[in-house]
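Enquirer: The file below is data04.csv, CSV, C-alpha atoms:
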chain,number,residue,atom,x,y,z
A,1,MET,CA,5.7,-11.9,-21.2
A,2,THR,CA,5.0,-14.9,-19.0
A,3,ASP,CA,1.5,-15.5,-17.7
A,4,SER,CA,0.8,-15.9,-14.0
A,5,LYS,CA,-0.3,-19.4,-15.0
A,6,ASP,CA,3.4,-20.1,-15.4
A,7,TRP,CA,4.1,-18.9,-11.9
A,8,PRO,CA,4.5,-21.8,-9.4
A,9,LEU,CA,1.6,-22.7,-7.2
A,10,TYR,CA,1.9,-22.3,-3.5
A,11,GLU,CA,-0.4,-23.7,-0.8
A,12,VAL,CA,-1.4,-21.3,2.0
A,13,PHE,CA,-1.8,-22.1,5.6
A,14,ILE,CA,-3.1,-19.6,8.1
A,15,ARG,CA,-3.0,-19.6,11.9
A,16,ALA,CA,-6.2,-17.9,13.0
A,17,ARG,CA,-4.8,-16.9,16.4
A,18,GLY,CA,-2.1,-17.8,18.8
A,19,GLY,CA,-2.4,-21.4,20.1
A,20,LEU,CA,-4.3,-22.7,17.1
A,21,ASP,CA,-2.8,-24.8,14.3
A,22,HIS,CA,-2.1,-23.5,10.8
A,23,LYS,CA,-5.0,-24.5,8.6
A,24,HIS,CA,-4.9,-25.0,4.9
A,25,VAL,CA,-7.0,-22.2,3.3
A,26,GLY,CA,-6.2,-22.3,-0.4
A,27,SER,CA,-3.5,-21.8,-2.9
A,28,LEU,CA,-2.1,-19.0,-5.1
A,29,HIS,CA,0.4,-18.3,-7.8
A,30,ALA,CA,3.7,-16.4,-7.1
A,31,THR,CA,7.1,-16.1,-8.6
A,32,ASP,CA,8.9,-16.6,-5.3
A,33,ALA,CA,8.4,-17.3,-1.6
A,34,ARG,CA,8.4,-13.6,-0.6
A,35,MET,CA,5.7,-12.8,-3.1
A,36,ALA,CA,3.7,-15.8,-2.0
A,37,ILE,CA,3.6,-14.5,1.6
A,38,GLU,CA,2.6,-11.1,0.4
A,39,HIS,CA,-0.1,-12.5,-1.8
A,40,ALA,CA,-1.3,-14.7,0.9
A,41,ARG,CA,-1.6,-11.7,3.2
A,42,ASP,CA,-3.5,-9.8,0.6
A,43,LEU,CA,-5.8,-12.6,-0.4
A,44,TYR,CA,-6.4,-14.6,2.7
A,45,THR,CA,-6.0,-12.3,5.7
A,46,ARG,CA,-7.7,-9.1,4.6
A,47,ARG,CA,-10.6,-9.7,6.9
A,48,GLN,CA,-8.4,-10.4,9.9
A,49,GLU,CA,-8.4,-14.2,9.3
A,50,GLY,CA,-5.0,-14.7,10.8
A,51,VAL,CA,-1.9,-13.9,12.7
A,52,SER,CA,0.6,-16.1,10.9
A,53,ILE,CA,1.1,-17.4,7.4
A,54,TRP,CA,2.9,-20.5,6.0
A,55,VAL,CA,3.3,-21.0,2.3
A,56,VAL,CA,4.8,-24.0,0.7
A,57,LEU,CA,5.4,-24.9,-2.9
A,58,SER,CA,2.6,-27.2,-4.0
A,59,THR,CA,5.2,-29.4,-5.7
A,60,GLN,CA,6.9,-29.9,-2.4
A,61,ILE,CA,3.9,-31.6,-0.9
A,62,VAL,CA,4.1,-35.4,-1.0
A,63,ALA,CA,0.6,-36.8,-1.2
A,64,SER,CA,-0.9,-40.2,-1.0
A,65,ASP,CA,-2.1,-41.7,-4.2
A,66,PRO,CA,-5.9,-41.9,-4.5
A,67,ALA,CA,-5.5,-45.1,-6.4
A,68,ASP,CA,-4.0,-46.6,-3.2
A,69,ALA,CA,-7.0,-45.5,-1.1
A,70,ASP,CA,-8.3,-49.0,-0.7
A,71,ALA,CA,-5.1,-50.4,0.8
A,72,MET,CA,-4.4,-47.2,2.7
A,73,PHE,CA,-7.7,-46.4,4.3
A,74,GLU,CA,-10.2,-49.3,4.0
A,75,PRO,CA,-8.5,-51.5,6.6
A,76,ALA,CA,-9.3,-48.9,9.3
A,77,ARG,CA,-13.0,-49.1,8.7
A,78,ASP,CA,-13.8,-52.2,10.8
A,79,LYS,CA,-11.3,-51.5,13.6
A,80,VAL,CA,-13.8,-49.8,15.8
A,81,TYR,CA,-11.8,-50.8,18.9
A,82,ARG,CA,-9.3,-48.1,17.9
A,83,HIS,CA,-11.9,-45.5,19.0
A,84,PRO,CA,-11.7,-45.0,22.7
A,85,THR,CA,-15.4,-45.4,23.1
A,86,PHE,CA,-15.3,-48.6,25.1
A,87,TYR,CA,-13.9,-47.0,28.2
A,88,ASP,CA,-16.1,-45.9,31.1
A,89,ILE,CA,-15.3,-42.3,31.9
A,90,PRO,CA,-15.4,-41.6,35.6
A,91,ASP,CA,-17.9,-38.9,36.5
A,92,GLU,CA,-15.2,-36.9,38.2
A,93,VAL,CA,-13.4,-36.3,34.9
A,94,LYS,CA,-14.9,-33.2,33.4
A,95,THR,CA,-12.7,-32.2,30.5
A,96,LEU,CA,-11.9,-35.3,28.6
B,97,MET,CA,10.6,33.6,7.3
B,98,SER,CA,10.0,32.7,10.9
B,99,GLY,CA,7.5,34.0,13.4
B,100,GLU,CA,4.3,33.2,11.5
B,101,PRO,CA,1.9,32.1,14.1
B,102,LEU,CA,0.4,28.6,13.8
B,103,THR,CA,-3.2,29.0,12.7
B,104,ASP,CA,-5.9,26.5,12.0
B,105,ASP,CA,-5.9,27.7,8.4
B,106,SER,CA,-2.2,26.9,7.9
B,107,ARG,CA,-2.7,23.5,9.5
B,108,PHE,CA,-5.8,23.0,7.3
B,109,ARG,CA,-3.7,23.6,4.2
B,110,TYR,CA,-0.9,21.3,5.4
B,111,VAL,CA,-3.2,18.4,6.4
B,112,LEU,CA,-5.1,18.8,3.1
B,113,ARG,CA,-1.8,18.5,1.2
B,114,LEU,CA,-1.0,15.2,2.9
B,115,GLY,CA,-4.6,14.0,2.3
B,116,ASP,CA,-4.4,14.9,-1.4
B,117,LEU,CA,-1.2,12.9,-1.9
B,118,SER,CA,-2.9,9.7,-0.6
B,119,LEU,CA,-6.2,10.5,-2.3
B,120,ILE,CA,-4.8,11.0,-5.8
B,121,LEU,CA,-2.4,8.0,-5.5
B,122,GLY,CA,-5.2,5.8,-4.3
B,123,GLN,CA,-7.4,6.9,-7.2
B,124,ARG,CA,-4.6,6.1,-9.6
B,125,LEU,CA,-3.9,2.7,-8.2
B,126,GLY,CA,-7.5,1.9,-8.3
B,127,GLU,CA,-7.4,2.1,-12.1
B,128,TRP,CA,-5.5,-1.2,-12.0
B,129,VAL,CA,-8.5,-3.1,-10.7
B,130,GLY,CA,-9.4,-5.7,-13.3
B,131,HIS,CA,-6.3,-5.0,-15.3
B,132,SER,CA,-3.4,-6.3,-13.3
B,133,PRO,CA,-1.1,-8.9,-14.7
B,134,ALA,CA,-2.4,-11.5,-12.2
B,135,LEU,CA,-5.4,-11.9,-10.0
B,136,GLU,CA,-3.1,-11.8,-7.0
B,137,GLU,CA,-1.6,-8.5,-8.0
B,138,ASP,CA,-5.1,-7.1,-8.6
B,139,LEU,CA,-6.0,-7.7,-5.0
B,140,GLY,CA,-2.6,-6.5,-3.8
B,141,LEU,CA,-2.9,-3.2,-5.6
B,142,ALA,CA,-6.5,-2.8,-4.7
B,143,ASN,CA,-5.7,-3.3,-1.0
B,144,ILE,CA,-3.0,-0.6,-1.2
B,145,ALA,CA,-5.4,1.7,-3.1
B,146,LEU,CA,-8.0,1.3,-0.4
B,147,ASP,CA,-5.5,1.9,2.4
B,148,LEU,CA,-4.6,5.2,0.7
B,149,ILE,CA,-8.2,6.2,0.3
B,150,GLY,CA,-8.6,5.4,4.0
B,151,GLN,CA,-5.7,7.7,4.9
B,152,ALA,CA,-7.2,10.4,2.6
B,153,ARG,CA,-10.5,10.1,4.4
B,154,MET,CA,-8.9,10.5,7.9
B,155,LEU,CA,-6.8,13.4,6.7
B,156,LEU,CA,-9.5,15.2,4.7
B,157,SER,CA,-12.0,14.8,7.5
B,158,TYR,CA,-9.5,16.4,9.9
B,159,ALA,CA,-8.7,19.1,7.4
B,160,GLY,CA,-12.4,19.9,7.1
B,161,GLU,CA,-12.6,20.3,10.9
B,162,LEU,CA,-9.6,22.6,11.0
B,163,GLU,CA,-11.0,24.7,8.2
B,164,GLY,CA,-14.2,25.1,10.2
B,165,LYS,CA,-16.5,25.8,7.3
B,166,GLY,CA,-18.4,22.6,7.5
B,167,ARG,CA,-16.8,20.9,4.5
B,168,SER,CA,-16.8,17.2,4.8
B,169,GLU,CA,-14.2,14.7,3.5
B,170,ASP,CA,-16.5,14.2,0.5
B,171,ASP,CA,-16.8,17.9,-0.2
B,172,LEU,CA,-13.0,18.2,-0.1
B,173,ALA,CA,-12.4,15.1,-2.2
B,174,PHE,CA,-15.0,15.6,-4.9
B,175,LEU,CA,-15.9,19.3,-5.1
B,176,ARG,CA,-12.7,21.2,-5.5
B,177,GLU,CA,-11.3,22.6,-8.7
B,178,HIS,CA,-8.1,21.3,-10.3
B,179,ARG,CA,-5.9,24.1,-8.9
B,180,GLU,CA,-7.1,23.6,-5.4
B,181,TYR,CA,-5.6,20.1,-5.2
B,182,SER,CA,-2.2,20.2,-3.5
B,183,ASN,CA,-0.8,16.7,-4.2
B,184,ALA,CA,2.7,16.3,-5.6
B,185,VAL,CA,2.6,16.0,-9.4
B,186,LEU,CA,4.3,12.6,-9.0
B,187,VAL,CA,1.2,10.8,-7.8
B,188,GLU,CA,-1.0,12.0,-10.7
B,189,GLN,CA,1.3,10.6,-13.3
B,190,PRO,CA,-0.3,7.8,-15.4
B,191,ASN,CA,0.1,4.2,-14.3
B,192,GLY,CA,2.0,3.3,-17.5
B,193,ASP,CA,3.1,-0.3,-17.5
B,194,PHE,CA,3.2,-2.3,-14.3
B,195,GLY,CA,6.9,-1.4,-13.8
B,196,GLN,CA,6.1,2.3,-14.0
B,197,THR,CA,3.3,1.9,-11.4
B,198,ILE,CA,5.8,0.0,-9.1
B,199,VAL,CA,8.5,2.7,-9.5
B,200,ARG,CA,6.0,5.5,-8.6
B,201,GLN,CA,4.8,3.5,-5.7
B,202,VAL,CA,8.2,2.8,-4.3
B,203,LEU,CA,9.2,6.5,-4.5
B,204,VAL,CA,6.0,7.6,-2.7
B,205,ASP,CA,5.9,4.7,-0.2
B,206,ALA,CA,9.4,5.4,0.9
B,207,PHE,CA,8.5,9.1,1.3
B,208,GLN,CA,5.4,8.4,3.3
B,209,VAL,CA,7.1,5.9,5.5
B,210,GLU,CA,9.8,8.4,6.5
B,211,LEU,CA,7.3,11.2,6.8
B,212,TYR,CA,4.7,9.3,8.9
B,213,GLN,CA,7.5,8.0,11.2
B,214,ARG,CA,8.3,11.5,12.1
B,215,LEU,CA,4.8,12.9,12.1
B,216,ARG,CA,3.9,10.5,14.9
B,217,ASN,CA,5.6,12.9,17.2
B,218,SER,CA,3.8,15.9,15.8
B,219,ALA,CA,2.8,18.8,18.1
B,220,ASP,CA,-0.6,18.2,16.5
B,221,GLU,CA,-1.7,15.1,18.4
B,222,HIS,CA,-4.6,14.3,16.1
B,223,LEU,CA,-2.3,14.4,13.1
B,224,GLY,CA,0.2,12.3,15.0
B,225,ALA,CA,-2.4,9.6,15.7
B,226,ILE,CA,-3.4,9.5,12.0
B,227,ALA,CA,0.3,9.1,11.1
B,228,GLY,CA,0.7,6.3,13.5
B,229,LYS,CA,-2.1,4.3,12.0
B,230,ALA,CA,-1.1,5.1,8.4
B,231,LEU,CA,2.5,4.2,9.1
B,232,LYS,CA,1.8,0.5,9.6
B,233,GLU,CA,-0.1,0.3,6.3
B,234,THR,CA,2.5,2.2,4.5
B,235,GLN,CA,5.3,0.0,5.7
B,236,TYR,CA,3.5,-2.9,4.1
B,237,HIS,CA,3.0,-0.9,0.9
B,238,LEU,CA,6.7,-0.3,0.7
B,239,ARG,CA,7.4,-4.0,1.4
B,240,PHE,CA,5.1,-4.9,-1.5
B,241,SER,CA,6.4,-2.3,-4.0
B,242,SER,CA,10.1,-2.7,-3.2
B,243,GLY,CA,9.8,-6.5,-3.6
B,244,TRP,CA,8.5,-5.9,-7.1
B,245,LEU,CA,11.2,-3.3,-7.8
B,246,VAL,CA,13.9,-5.7,-7.0
B,247,ARG,CA,12.2,-8.6,-8.8
B,248,LEU,CA,11.8,-6.5,-12.0
B,249,GLY,CA,15.1,-4.6,-11.8
B,250,ASP,CA,17.1,-7.7,-11.0
B,251,GLY,CA,15.0,-9.9,-13.3
B,252,THR,CA,15.3,-10.3,-17.0
B,253,GLU,CA,17.0,-7.8,-19.3
B,254,PHE,CA,13.6,-6.9,-20.6
B,255,SER,CA,12.1,-6.2,-17.1
B,256,HIS,CA,15.2,-4.4,-16.1
B,257,GLN,CA,15.0,-2.1,-19.1
B,258,ARG,CA,11.3,-1.3,-18.5
B,259,VAL,CA,11.8,-0.3,-14.8
B,260,GLN,CA,14.9,1.7,-15.5
B,261,THR,CA,13.0,3.6,-18.2
B,262,ALA,CA,10.2,4.2,-15.7
B,263,LEU,CA,12.7,5.4,-13.0
B,264,ASP,CA,14.4,7.7,-15.5
B,265,SER,CA,11.1,9.3,-16.4
B,266,LEU,CA,9.6,9.6,-12.9
B,267,TRP,CA,12.7,10.6,-11.0
B,268,LEU,CA,12.3,14.2,-11.9
B,269,TYR,CA,9.1,14.5,-10.0
B,270,THR,CA,10.7,13.5,-6.7
B,271,VAL,CA,12.2,17.0,-6.4
B,272,GLU,CA,8.9,18.4,-5.3
B,273,LEU,CA,8.5,16.0,-2.4
B,274,PHE,CA,11.4,17.6,-0.6
B,275,ALA,CA,11.4,21.2,-1.8
B,276,PRO,CA,10.0,23.0,1.2
B,277,ASP,CA,7.7,26.0,0.6
B,278,PRO,CA,6.8,28.5,3.3
B,279,LEU,CA,4.0,26.3,4.6
B,280,ASP,CA,6.4,23.3,5.0
B,281,ARG,CA,8.8,25.5,6.8
B,282,GLN,CA,6.2,26.9,9.1
B,283,MET,CA,5.0,23.4,10.0
B,284,ALA,CA,8.5,22.3,10.8
B,285,GLN,CA,9.1,25.4,13.0
B,286,CYS,CA,6.0,24.7,15.0
B,287,ALA,CA,7.0,21.0,15.3
B,288,VAL,CA,3.8,20.0,13.6
B,289,ALA,CA,5.8,18.4,10.8
B,290,PRO,CA,9.4,17.2,10.3
B,291,ALA,CA,11.9,19.3,8.3
B,292,LEU,CA,11.8,18.0,4.8
B,293,GLU,CA,15.6,18.0,4.6
B,294,ASP,CA,15.6,15.2,7.2
B,295,VAL,CA,12.9,13.3,5.4
B,296,GLU,CA,14.9,13.6,2.2
B,297,LYS,CA,18.1,12.3,3.8
B,298,ALA,CA,16.4,9.2,5.1
B,299,TRP,CA,14.4,8.7,1.9
B,300,SER,CA,17.5,9.0,-0.2
B,301,ALA,CA,19.5,6.4,1.8
B,302,ARG,CA,16.6,4.0,1.6
B,303,ILE,CA,16.1,4.5,-2.1
B,304,GLU,CA,19.8,4.2,-2.7
B,305,ALA,CA,19.9,0.8,-1.0
B,306,LEU,CA,16.9,-0.4,-2.9
B,307,LEU,CA,18.2,0.7,-6.3
B,308,ALA,CA,21.4,-1.1,-5.6
B,309,GLU,CA,19.6,-4.3,-4.7
B,310,ALA,CA,17.4,-3.9,-7.9
B,311,THR,CA,20.6,-3.2,-10.0
B,312,LEU,CA,19.1,0.1,-11.1
B,313,LYS,CA,20.9,3.3,-11.8
B,314,ARG,CA,19.9,6.4,-9.8
B,315,PRO,CA,19.1,9.0,-12.5
B,316,ALA,CA,20.7,12.5,-12.4
B,317,GLN,CA,18.5,15.3,-11.2
B,318,ARG,CA,17.2,17.7,-13.8
B,319,PRO,CA,15.6,21.2,-13.4
B,320,TYR,CA,12.1,21.0,-12.1
B,321,ALA,CA,9.1,23.2,-12.8
B,322,TRP,CA,5.9,21.7,-11.5
B,323,PHE,CA,4.6,22.2,-8.0
B,324,GLY,CA,1.4,20.4,-7.3
B,325,LYS,CA,1.6,21.8,-3.7
B,326,ARG,CA,1.0,25.2,-5.3
B,327,GLY,CA,-1.8,23.9,-7.4
B,328,GLU,CA,0.3,23.7,-10.5
B,329,HIS,CA,-0.4,20.3,-12.0
B,330,SER,CA,0.3,18.3,-15.1
B,331,GLU,CA,-2.4,17.8,-17.7
B,332,HIS,CA,-3.1,14.4,-16.2
B,333,LEU,CA,-4.9,15.6,-13.1
B,334,GLY,CA,-7.8,17.1,-14.9
B,335,TYR,CA,-8.7,13.9,-16.6
B,336,MET,CA,-8.5,12.0,-13.3
B,337,LEU,CA,-10.7,14.6,-11.5
B,338,ALA,CA,-13.3,14.4,-14.3
B,339,GLU,CA,-13.7,10.7,-13.7
B,340,MET,CA,-13.3,10.9,-9.9
B,341,GLN,CA,-15.8,13.7,-9.4
B,342,PHE,CA,-18.4,12.7,-12.0
B,343,MET,CA,-20.7,11.0,-9.6
B,344,GLN,CA,-20.8,13.8,-7.0
B,345,ARG,CA,-21.2,16.4,-9.6
B,346,THR,CA,-24.0,14.5,-11.4
B,347,HIS,CA,-25.8,13.4,-8.3
B,348,PRO,CA,-24.8,16.0,-5.6
B,349,GLY,CA,-24.7,14.6,-2.1
B,350,ALA,CA,-25.1,11.0,-3.3
B,351,ARG,CA,-24.1,8.4,-0.7
B,352,TRP,CA,-24.1,4.7,-0.2
How would this structure read if it were set down as structure tokens?

Expert:
Amino acid sequence: MTDSKDWPLYEVFIRARGGLDHKHVGSLHATDARMAIEHARDLYTRRQEGVSIWVVLSTQIVASDPADADAMFEPARDKVYRHPTFYDIPDEVKTL
Amino acid sequence: MSGEPLTDDSRFRYVLRLGDLSLILGQRLGEWVGHSPALEEDLGLANIALDLIGQARMLLSYAGELEGKGRSEDDLAFLREHREYSNAVLVEQPNGDFGQTIVRQVLVDAFQVELYQRLRNSADEHLGAIAGKALKETQYHLRFSSGWLVRLGDGTEFSHQRVQTALDSLWLYTVELFAPDPLDRQMAQCAVAPALEDVEKAWSARIEALLAEATLKRPAQRPYAWFGKRGEHSEHLGYMLAEMQFMQRTHPGARW
């Protein structure tokens, strides 16, 4: 018998309601995509958390390397001018 | 055969029968909690078990109303004797291995899907509403169980053998689901329930397609002798009831 530990890992994304983005909520083990969707439904939407599910094999996610963090993310730290905080917002604009 | 008037008592017995089917299957499935092959299956089976208990609650509450003797859902679930349960013998069969549980589940899920679909149009509107709610749950149950049936049947030689063995041993008990007794016939005549012949035809086609996809062989039918709907049960039900009723019998009226 194979253990569920040998089942591939899937990442689960749930859309809470129409119009919102799918958000990462966790991961689970499943033998195939169909089972992954069913497990995601049973594990992550049993309290009405969502209206749509995405699952993706964890191995299919390409991630940045934490070792590269300095080169990747440090340079943004002192570029405050990239934040749009230097603009004067006209009073008439209500919903920016 | 015909002409028997529709009474609250006959509807009581029919609704009770539907409730017992869900109740006993839900109780059986609940035994998997903490023992499933994977945490994910544990939750999946527990969800289904709870859906079934929920259906049983609706049906038994309604049955209690029809009976009119003040019996609550709890009274009906926990304080009847062995022979007063009218569930099909199939659902009291032991869980066995995971494959056997899945086979039993597919056989019953497909039955309940076909039955509830037709019960939605019942002349008894309350029963129709219960069926409408239960149908959505049951469609998911079938999706879950049939996915596993195909996965195991069309899986390895080992898994195939295990589910085929389970199918061969449980197939016998499906006879009862479709063998109408006078109560089934009366309910069909009064348009409270569908004719079981129609349910069987649809069930059979559905199961046929599923077995083909799972590369499983449909077993031959054998003579059948147990009729849970008449209160004639296998030895397994007594043990189940002992466990299920223990709390209510030890602490009568206990609630939480």

Enquirer: With all atoms listed in the file as the counted atoms, please give the residues lying no more than 12 Å from B:Arg345, apart from itself and same-chain residues fewer than 5 positions off, as a list in words.

Expert: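 Once the nearby chain positions are removed, what remains is Asp170, Asp171, Ala173, Phe174, Leu175, Arg176, Glu177, Leu337, Ala338, Glu339, Met340 and Ala350 of chain B.
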
Enquirer: Could you please tell me, as JSON, numbers by chain, which residues of chain B have an atom within 9 Å of chain A when using only C-alpha atoms?

Expert: {"B": [133, 134, 135, 136, 137, 139, 140, 143, 239, 240, 243, 244]}

Enquirer: Find the spatial neighbours of stretch 193-196 of chain B, counting all atoms listed in the file, within a cut-off of 9 Å - ignore same-chain residues fewer than 3 positions away - and output them as a PyMOL selection string.

Expert: chain B and resi 132-133+190+199-201+244-245+248+255+258-263+265-266

Enquirer: Nearest residue to B:Ser118 out of B:Glu221, B:Lys165, B:Thr234, B:Arg216, using only C-alpha atoms?

Expert: B:Thr234

Enquirer: Quick one: pull the distance between atom CA of B:Asp264 and atom CA of B:Asp147, Å, one decimal.

Expert: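 A separation of 27.4 Å between them.
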
Enquirer: Record the distance separating atom CA of B:Ala316 and atom CA of B:Asp280, expressed in Å with one decimal.

Expert: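 Straight-line distance from atom CA of B:Ala316 to atom CA of B:Asp280 works out to 25.0 Å.
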
Enquirer: With only C-alpha atoms as the counted atoms, please give the residues lying no more than 7 Å from B:Gly324, apart from itself and same-chain residues fewer than 2 positions off, as a list in words.

Expert: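 Counting only the stated atoms, we get Ser182, Asn183, Ala184, Val185, Trp322, Arg326, Gly327, Glu328 and His329 of chain B.
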